[in-house]
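> Compact mmCIF, C-alpha atoms, saved as structure.txt, coming up:
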```
# COMPACT_ATOMS: atom_id res chain seq x y z
CA MET A 462 101.61 135.29 118.66
CA GLY A 463 104.97 133.64 119.23
CA THR A 464 107.66 133.63 121.83
CA GLY A 465 109.75 136.15 119.90
CA PRO A 466 109.22 139.89 119.68
CA ASP A 467 105.66 141.00 120.31
CA TRP A 468 104.07 142.95 117.45
CA GLY A 469 100.79 143.17 119.30
CA SER A 470 98.58 141.56 116.66
CA GLU A 471 98.60 139.97 113.26
CA GLU A 472 97.66 143.30 111.75
CA GLY A 473 100.48 144.97 113.65
CA PHE A 474 102.93 142.49 112.16
CA PHE A 475 101.59 143.04 108.66
CA ARG A 476 101.60 146.82 108.99
CA ARG A 477 105.17 146.83 110.24
CA TYR A 478 106.76 144.56 107.65
CA ALA A 479 104.52 144.83 104.59
CA PRO A 480 106.18 147.98 103.18
CA ALA A 481 109.67 146.48 103.40
CA ALA A 482 108.61 143.09 102.02
CA TYR A 483 106.64 144.72 99.19
CA ASN A 484 109.50 147.01 98.14
CA LEU A 485 112.01 144.17 98.24
CA ALA A 486 109.71 141.98 96.15
CA LEU A 487 109.14 144.84 93.71
CA ARG A 488 112.90 145.24 93.17
CA LEU A 489 113.29 141.52 92.68
CA CYS A 490 110.23 140.86 90.51
CA GLY A 491 109.94 144.12 88.62
CA ARG A 492 106.14 144.06 88.38
CA PRO A 493 103.78 145.40 91.04
CA ALA A 494 101.30 142.54 90.65
CA ASP A 495 104.06 139.95 91.18
CA ALA A 496 105.50 141.97 94.05
CA GLU A 497 102.15 141.99 95.84
CA ASP A 498 101.70 138.27 95.37
CA VAL A 499 105.23 137.39 96.53
CA SER A 500 105.29 139.75 99.49
CA GLN A 501 101.84 138.71 100.74
CA GLU A 502 102.75 135.03 100.50
CA ALA A 503 105.97 135.75 102.41
CA LEU A 504 104.20 137.72 105.14
CA ILE A 505 101.61 134.99 105.65
CA ARG A 506 104.34 132.36 105.88
CA ALA A 507 106.32 134.55 108.27
CA LEU A 508 103.31 135.01 110.51
CA LYS A 509 102.67 131.27 110.54
CA ALA A 510 106.32 130.61 111.42
CA LEU A 511 106.38 133.32 114.07
CA PRO A 512 106.21 130.84 117.00
CA HIS A 513 109.54 129.44 115.79
CA PHE A 514 111.21 132.85 115.56
CA LYS A 515 113.23 133.34 118.72
CA GLY A 516 114.25 136.91 118.00
CA LYS A 517 117.93 136.06 117.84
CA SER A 518 118.35 137.62 114.41
CA ASP A 519 117.05 140.88 113.01
CA PRO A 520 113.30 140.44 112.34
CA ARG A 521 113.57 142.37 109.09
CA SER A 522 116.30 140.00 107.86
CA TRP A 523 114.07 137.09 108.80
CA VAL A 524 111.10 138.48 106.83
CA TYR A 525 113.44 139.27 103.94
CA ARG A 526 114.79 135.72 103.93
CA ILE A 527 111.28 134.33 103.60
CA THR A 528 110.48 136.87 100.88
CA VAL A 529 113.60 135.91 98.93
CA ASN A 530 112.73 132.22 99.25
CA VAL A 531 109.20 132.76 97.97
CA TRP A 532 110.60 134.78 95.05
CA LYS A 533 113.23 132.11 94.26
CA ASN A 534 110.59 129.38 94.25
CA ARG A 535 108.49 131.46 91.91
CA VAL A 536 111.42 132.07 89.55
CA ARG A 537 112.22 128.35 89.59
CA ALA A 538 108.61 127.47 88.81
CA GLU A 539 108.51 130.00 85.97
CA LYS A 540 111.67 128.58 84.44
CA SER A 541 110.33 125.03 84.58
CA ARG A 542 107.00 125.93 82.96
CA PRO A 543 106.41 124.28 79.60
CA PHE A 544 107.18 126.83 76.90
CA TRP A 545 103.63 126.83 75.54
CA LYS A 546 102.31 127.92 78.92
CA ALA A 547 104.79 130.80 78.98
CA ILE A 548 103.29 132.28 75.81
CA PRO A 549 100.33 134.54 76.60
CA LEU A 550 97.59 133.80 74.07
CA PHE A 551 95.31 136.67 74.94
CA GLY A 552 97.09 139.77 76.13
CA SER A 553 99.51 139.77 79.01
CA ASP A 554 99.25 138.22 82.45
CA ASP A 555 100.02 141.47 84.19
CA GLY A 556 96.64 141.55 85.84
CA PRO A 557 93.61 143.68 85.15
CA SER A 558 94.20 146.74 83.05
CA VAL A 559 92.89 150.13 84.01
CA ASP A 560 91.63 153.03 81.97
CA ARG A 561 94.49 155.13 80.79
CA PRO A 562 95.28 157.64 78.07
CA ASP A 563 95.94 156.23 74.64
CA GLY A 564 99.59 155.39 74.16
CA ALA A 565 100.38 155.42 77.86
CA PRO A 566 102.20 152.38 79.21
CA PRO A 567 100.18 149.84 81.21
CA VAL A 568 99.95 151.09 84.76
CA ASP A 569 100.64 147.68 86.22
CA ARG A 570 103.71 147.06 84.10
CA ALA A 571 105.69 150.24 84.12
CA LEU A 572 107.35 151.68 87.16
CA GLU A 573 106.35 155.20 86.32
CA ALA A 574 106.72 156.73 89.78
CA SER A 575 109.81 158.55 88.60
CA GLU A 576 112.35 158.46 85.83
CA LEU A 577 115.00 157.43 88.31
CA GLU A 578 112.97 154.53 89.59
CA ALA A 579 112.22 153.41 86.05
CA ALA A 580 115.88 153.62 85.04
CA VAL A 581 116.97 151.68 88.10
CA GLN A 582 114.34 148.99 87.65
CA LYS A 583 115.24 148.57 83.98
CA ALA A 584 118.92 148.22 84.84
CA LEU A 585 118.16 145.72 87.62
CA ALA A 586 116.10 143.61 85.22
CA GLU A 587 119.21 142.96 83.14
CA LEU A 588 121.08 141.36 86.02
CA ASP A 589 121.15 137.69 86.89
CA ASP A 590 118.67 136.81 89.65
CA ASP A 591 121.38 136.10 92.22
CA ASP A 592 123.29 139.29 91.45
CA ARG A 593 120.11 141.37 91.53
CA ALA A 594 119.18 140.05 94.97
CA VAL A 595 122.59 141.00 96.38
CA VAL A 596 122.69 144.51 94.95
CA VAL A 597 119.09 145.24 95.99
CA LEU A 598 119.73 144.20 99.60
CA LYS A 599 123.15 145.88 99.89
CA ASP A 600 122.77 149.10 97.92
CA MET A 601 119.03 149.75 98.03
CA ASP A 602 118.29 148.46 101.52
CA ASP A 603 121.57 149.46 103.11
CA MET A 604 122.26 146.05 104.60
CA THR A 605 125.73 144.94 105.68
CA TYR A 606 127.59 142.12 103.95
CA ALA A 607 126.78 139.91 106.95
CA GLN A 608 123.07 140.68 106.79
CA VAL A 609 122.92 140.05 103.04
CA ALA A 610 124.76 136.77 103.54
CA GLU A 611 122.26 135.77 106.23
CA VAL A 612 119.22 136.65 104.12
CA LEU A 613 120.49 134.80 101.06
CA GLY A 614 122.11 131.92 102.93
CA VAL A 615 125.49 132.35 101.21
CA PRO A 616 129.00 133.16 102.50
CA GLU A 617 130.09 136.80 102.72
CA GLY A 618 132.73 136.14 100.06
CA THR A 619 129.95 135.20 97.65
CA VAL A 620 128.12 138.40 98.52
CA LYS A 621 131.24 140.45 97.69
CA SER A 622 131.75 138.69 94.36
CA ARG A 623 128.12 139.01 93.28
CA LEU A 624 127.97 142.62 94.40
CA SER A 625 131.07 143.55 92.45
CA ARG A 626 129.77 141.80 89.33
CA ALA A 627 126.37 143.48 89.64
CA ARG A 628 127.83 146.96 90.13
CA GLU A 629 130.17 146.53 87.17
CA ARG A 630 127.24 145.56 84.96
CA LEU A 631 125.19 148.49 86.22
CA ARG A 632 127.98 150.96 85.39
CA ALA A 633 127.08 150.98 81.71
CA ARG A 634 123.43 151.76 82.44
CA LEU A 635 123.55 154.01 85.46
CA ALA A 636 126.97 155.66 85.09
CA PRO A 637 127.75 155.88 81.37
CA LYS A 638 131.21 157.24 80.61
CA ASP A 639 129.94 159.89 78.22
CA ALA A 640 127.17 161.07 80.53
CA GLU A 641 128.77 164.48 81.00
CA SER A 642 130.50 164.91 77.67
CA PRO A 643 129.01 167.54 75.34
CA LYS A 644 126.91 166.21 72.49
CA MET B 570 149.38 145.59 91.57
CA SER B 571 147.41 144.87 88.41
CA HIS B 572 144.00 146.51 87.97
CA PRO B 573 141.87 145.60 90.97
CA GLY B 574 138.89 143.32 90.33
CA GLU B 575 136.20 142.94 92.95
CA GLU B 576 138.52 144.67 95.44
CA LEU B 577 137.42 148.00 93.97
CA SER B 578 133.79 147.36 94.90
CA ALA B 579 134.83 146.26 98.39
CA TYR B 580 137.10 149.33 98.66
CA LEU B 581 134.09 151.51 97.99
CA ASP B 582 132.35 149.90 100.96
CA GLY B 583 135.37 150.22 103.21
CA ALA B 584 135.42 146.43 103.43
CA LEU B 585 139.09 145.79 102.71
CA GLY B 586 141.78 144.98 105.23
CA ASP B 587 144.63 147.42 105.75
CA GLY B 588 147.00 145.69 103.35
CA GLU B 589 144.53 145.38 100.48
CA ARG B 590 143.29 148.92 100.97
CA ALA B 591 146.82 150.32 100.81
CA SER B 592 147.50 148.30 97.68
CA VAL B 593 144.32 149.53 95.96
CA GLU B 594 145.01 153.14 96.94
CA SER B 595 148.54 152.88 95.62
CA HIS B 596 147.19 151.58 92.31
CA LEU B 597 144.54 154.27 92.11
CA GLY B 598 147.23 156.91 92.47
CA ASP B 599 148.85 155.70 89.26
CA CYS B 600 145.86 154.57 87.20
CA PRO B 601 143.38 157.14 85.86
CA ASP B 602 141.28 154.37 84.31
CA CYS B 603 140.67 152.75 87.68
CA ARG B 604 139.96 156.14 89.26
CA ALA B 605 137.31 156.71 86.60
CA ARG B 606 135.94 153.21 87.21
CA LEU B 607 135.76 153.89 90.94
CA ASP B 608 133.85 157.12 90.29
CA GLU B 609 131.39 155.25 88.10
CA LEU B 610 130.88 152.56 90.73
CA ARG B 611 130.26 155.29 93.28
CA THR B 612 127.65 156.82 90.96
CA VAL B 613 125.95 153.43 90.65
CA VAL B 614 125.78 153.01 94.42
CA ARG B 615 124.45 156.53 94.96
CA THR B 616 121.87 156.13 92.21
CA LEU B 617 120.58 152.86 93.65
CA ALA B 618 120.42 154.32 97.15
CA ALA B 619 118.50 157.35 95.86
CA ALA B 620 115.79 155.32 94.12
CA PRO B 621 112.52 156.03 95.97
CA LYS B 622 110.60 153.38 97.83
CA ARG B 623 106.98 152.85 97.00
CA GLU B 624 103.98 153.15 99.20
CA LEU B 625 101.87 150.02 99.47
CA PRO B 626 99.23 149.87 96.72
CA ALA B 627 95.73 150.93 97.76
CA GLY B 628 93.91 148.09 99.49
CA TYR B 629 97.08 146.01 99.93
CA LEU B 630 96.61 145.36 103.66
CA GLU B 631 92.93 144.49 103.24
CA ARG B 632 93.76 142.00 100.50
CA LEU B 633 96.55 140.57 102.65
CA LYS B 634 94.24 140.09 105.63
CA THR B 635 91.59 138.48 103.41
CA ARG B 636 94.17 136.14 101.91
CA HIS B 637 95.50 135.24 105.35
CA ALA B 638 92.01 134.57 106.68
CA ALA B 639 91.20 132.36 103.69
CA ARG B 640 94.44 130.42 104.15
CA THR B 641 93.83 129.93 107.85
CA SER B 642 90.26 128.79 107.23
CA ALA B 643 91.35 126.34 104.52
CA GLU B 644 94.00 124.84 106.80
CA GLU B 645 91.49 124.37 109.60
CA ASP B 646 89.03 122.64 107.26
CA GLU B 647 91.65 120.36 105.78
CA PRO B 648 91.36 116.82 107.23
CA ALA B 649 94.46 115.41 108.85
CA PRO B 650 96.45 113.35 106.36
CA ARG B 651 95.69 109.63 106.71
CA GLY B 652 98.53 107.22 106.43
CA ARG B 653 98.08 103.90 104.68
CA SER B 654 96.97 101.15 107.00
CA ARG B 655 99.50 98.51 107.99
CA PHE B 656 97.29 95.87 106.40
CA ARG B 657 97.26 97.69 103.07
CA VAL B 658 101.04 98.17 103.12
CA ALA B 659 101.51 94.46 103.95
CA VAL B 660 99.23 93.43 101.05
CA GLU B 661 101.07 95.73 98.65
CA VAL B 662 104.43 94.32 99.69
CA ALA B 663 103.12 90.76 99.36
CA LEU B 664 101.66 91.53 95.93
CA THR B 665 104.95 92.94 94.68
CA ALA B 666 106.86 89.96 96.03
CA ALA B 667 104.38 87.48 94.50
CA VAL B 668 104.60 89.10 91.05
CA ALA B 669 108.38 89.15 91.21
CA ALA B 670 108.48 85.51 92.33
CA THR B 671 106.09 84.45 89.55
CA ILE B 672 108.24 86.12 86.90
CA LEU B 673 111.39 84.61 88.36
CA VAL B 674 109.97 81.07 88.54
CA SER B 675 108.56 81.32 85.02
CA LEU B 676 111.84 82.50 83.63
CA VAL B 677 113.74 79.74 85.40
CA GLN B 678 111.32 77.11 84.08
CA SER B 679 111.28 78.72 80.60
CA ARG B 680 107.49 78.51 80.45
CA PRO B 681 105.81 80.02 77.43
CA PHE B 682 104.63 83.63 77.50
CA VAL B 683 100.92 82.80 77.75
CA GLU B 684 101.44 80.67 80.82
CA LEU B 685 103.49 83.42 82.38
CA MET B 686 100.73 85.99 81.81
CA SER B 687 98.12 83.59 83.15
CA ALA B 688 100.10 83.06 86.33
CA LEU B 689 100.56 86.78 86.72
CA LEU B 690 96.84 87.40 86.27
CA GLN B 691 96.00 84.83 88.90
CA THR B 692 98.39 86.42 91.36
CA VAL B 693 97.03 89.91 90.78
CA GLN B 694 93.41 88.74 91.08
CA SER B 695 93.96 87.06 94.40
CA ALA B 696 95.86 90.09 95.75
CA ALA B 697 93.13 92.44 94.51
CA GLY B 698 90.58 90.29 96.30
CA ALA B 699 92.54 90.67 99.52
CA LEU B 700 92.75 94.46 99.07
CA GLY B 701 89.05 94.73 98.26
CA GLY B 702 88.25 92.77 101.42
CA GLU B 703 89.95 95.42 103.53
CA ASP B 704 87.61 98.16 102.33
CA LYS B 705 84.43 96.22 103.10
```
Would you put the structure from the file into structure tokens?

Amino acid sequence: MGTGPDWGSEEGFFRRYAPAAYNLALRLCGRPADAEDVSQEALIRALKALPHFKGKSDPRSWVYRITVNVWKNRVRAEKSRPFWKAIPLFGSDDGPSVDRPDGAPPVDRALEASELEAAVQKALAELDDDDRAVVVLKDMDDMTYAQVAEVLGVPEGTVKSRLSRARERLRARLAPKDAESPK
Amino acid sequence: MSHPGEELSAYLDGALGDGERASVESHLGDCPDCRARLDELRTVVRTLAAAPKRELPAGYLERLKTRHAARTSAEEDEPAPRGRSRFRVAVEVALTAAVAATILVSLVQSRPFVELMSALLQTVQSAAGALGGEDK
């Protein structure tokens, strides 16, 4: 392993950071299959780069930074795909389907763990990529402005601006004005 | 002050300096719209924080270890990248220079197109012969 913090073994490293990397990727990507792919790629890259990690910054922030970079590269690649490759000819590319009751949403597409989770994920999907990354790290992972800035490689002022913009856009979805008014 | 912009979000996080915080609080005292907006922002933050985290999918770690092992194995099997030999680079540079010189001379002498192509062909053939000799 590297000269930084000792996680004991490769498996120890994976076990420790996989849940955080997976959940971050899930918030960013929206689909479990994509989240698994992105987070696993990030963890493998992090493990490979471990000898260069000196332990000066928070290890979680470091793993998050790699996860965000993998996700950004993926988004960039998706956007630059020729349009005909972006059109699924036979079904979706959400991965293998599983047996499910008629009319039920695809298991691998919907975030059906809870209504709250589904509502949050749907609202997040409507944000710009940059704004979504900030609000996920700050409000869902309880990071400080400084930590978010470090993970995303932007100034704290940019974090504040993006966070404000993201929260304002989420107001309409997650805190509608007439939520408590009688119908 | 006018209605606060991104200061309201920062106020919610306790991230404003004393002066800005006092200014925002003063405005909030007089502006029911901004008080309502602040409440809604607070609801957004609480809702996001309350969203549950997921367990790793079944088999995730096994798939990760398999993927890592495959990557490591592929990297070990991959031959070290070979740079181009100095000879090959020198021939390529010479070829480019010869083609450029041929075009230049032909243009200066205003030779007909056929003669120009013939000269070019000759140059390329002799350079290709030199390159082929390296591989033998």
> Rank B:Val693, B:Ala584, B:Leu633, B:Ala619 by their smallest atom-to-atom distance to Glu497 in chain A, using only C-alpha atoms, and report the top residue only.
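Nearest candidate to Glu497 in chain A out of B:Val693, B:Ala584, B:Leu633, B:Ala619: B:Leu633.
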> Using all atoms listed in the file for the distances, tell me which of A:Pro616, A:Asp495, A:Trp532, A:Ala580 is nearest to chain B.
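Smallest separation from chain B among the options: A:Ala580.
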> Nearest residue to chain A out of B:Gly698, B:Pro621, B:Gly628, B:Gly583, using all atoms listed in the file?
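Of B:Gly698, B:Pro621, B:Gly628, B:Gly583, the one nearest chain A, counting all atoms listed in the file, is B:Pro621.
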> For chain B, work out the contacting residues on chain A at 8 Å, counting all atoms listed in the file, and write them as a PyMOL selection string.
chain A and resi 472+475-476+479-480+483-484+497+501+505+577-578+581+600-603+621-622+624-626+628-629+631-632+635-638
> Could you tell me how far CA of Ala697 in chain B sits from CA of Thr665 in chain B, in Å to one decimal place?
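Between these atoms lies a distance of 11.8 Å.
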> Go through A:Arg521, A:Arg537, A:Arg623, A:Arg492 and flag the residue nearest Tyr606 in chain A, using all atoms listed in the file for the distances.
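Result for the nearest residue to Tyr606 in chain A: A:Arg623.
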> Do you know which residues lie at most 8 Å from (111.8, 136.8, 87.7), with coordinates as in the file and all atoms listed in the file counted, and could you write them as an MDAnalysis selection string?
chainID A and resid 489:491 532 535:536 539 590
> Please identify all polymer residues within 8 Å of Val668 in chain B, counting all atoms listed in the file, omitting same-chain residues fewer than 3 positions from it, and present them as a PyMOL selection string.
chain B and resi 664-665+671-672+689+692-693
> Those residues you just picked out, can you put them in a file as a PDB file, keeping the file's coordinate frame with C-alpha atoms?

```
ATOM      1  CA  LEU B 664     101.660  91.530  95.930  1.00  0.00           C
ATOM      2  CA  THR B 665     104.950  92.940  94.680  1.00  0.00           C
ATOM      3  CA  THR B 671     106.090  84.450  89.550  1.00  0.00           C
ATOM      4  CA  ILE B 672     108.240  86.120  86.900  1.00  0.00           C
ATOM      5  CA  LEU B 689     100.560  86.780  86.720  1.00  0.00           C
ATOM      6  CA  THR B 692      98.390  86.420  91.360  1.00  0.00           C
ATOM      7  CA  VAL B 693      97.030  89.910  90.780  1.00  0.00           C
TER       8      VAL B 693
END
```
> So how many Å separate CA of Val620 in chain A and CA of Asp599 in chain B, to one decimal?
28.5 Å
> Which residues come within 8 Å of Leu485 in chain A, counting all atoms listed in the file, excluding same-chain residues fewer than 4 positions away, as a PDB file with C-alpha atoms, in the frame of the given file?

```pdb
ATOM      1  CA  ALA A 481     109.670 146.480 103.400  1.00  0.00           C
ATOM      2  CA  LEU A 489     113.290 141.520  92.680  1.00  0.00           C
ATOM      3  CA  TYR A 525     113.440 139.270 103.940  1.00  0.00           C
ATOM      4  CA  THR A 528     110.480 136.870 100.880  1.00  0.00           C
ATOM      5  CA  VAL A 597     119.090 145.240  95.990  1.00  0.00           C
ATOM      6  CA  LEU A 598     119.730 144.200  99.600  1.00  0.00           C
TER       7      LEU A 598
END
```
> For CA of Ser595 in chain B and CA of Val596 in chain A, determine how far apart the two atoms are, in Å to one decimal place.
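Between CA of Ser595 in chain B and CA of Val596 in chain A the gap is 27.2 Å.
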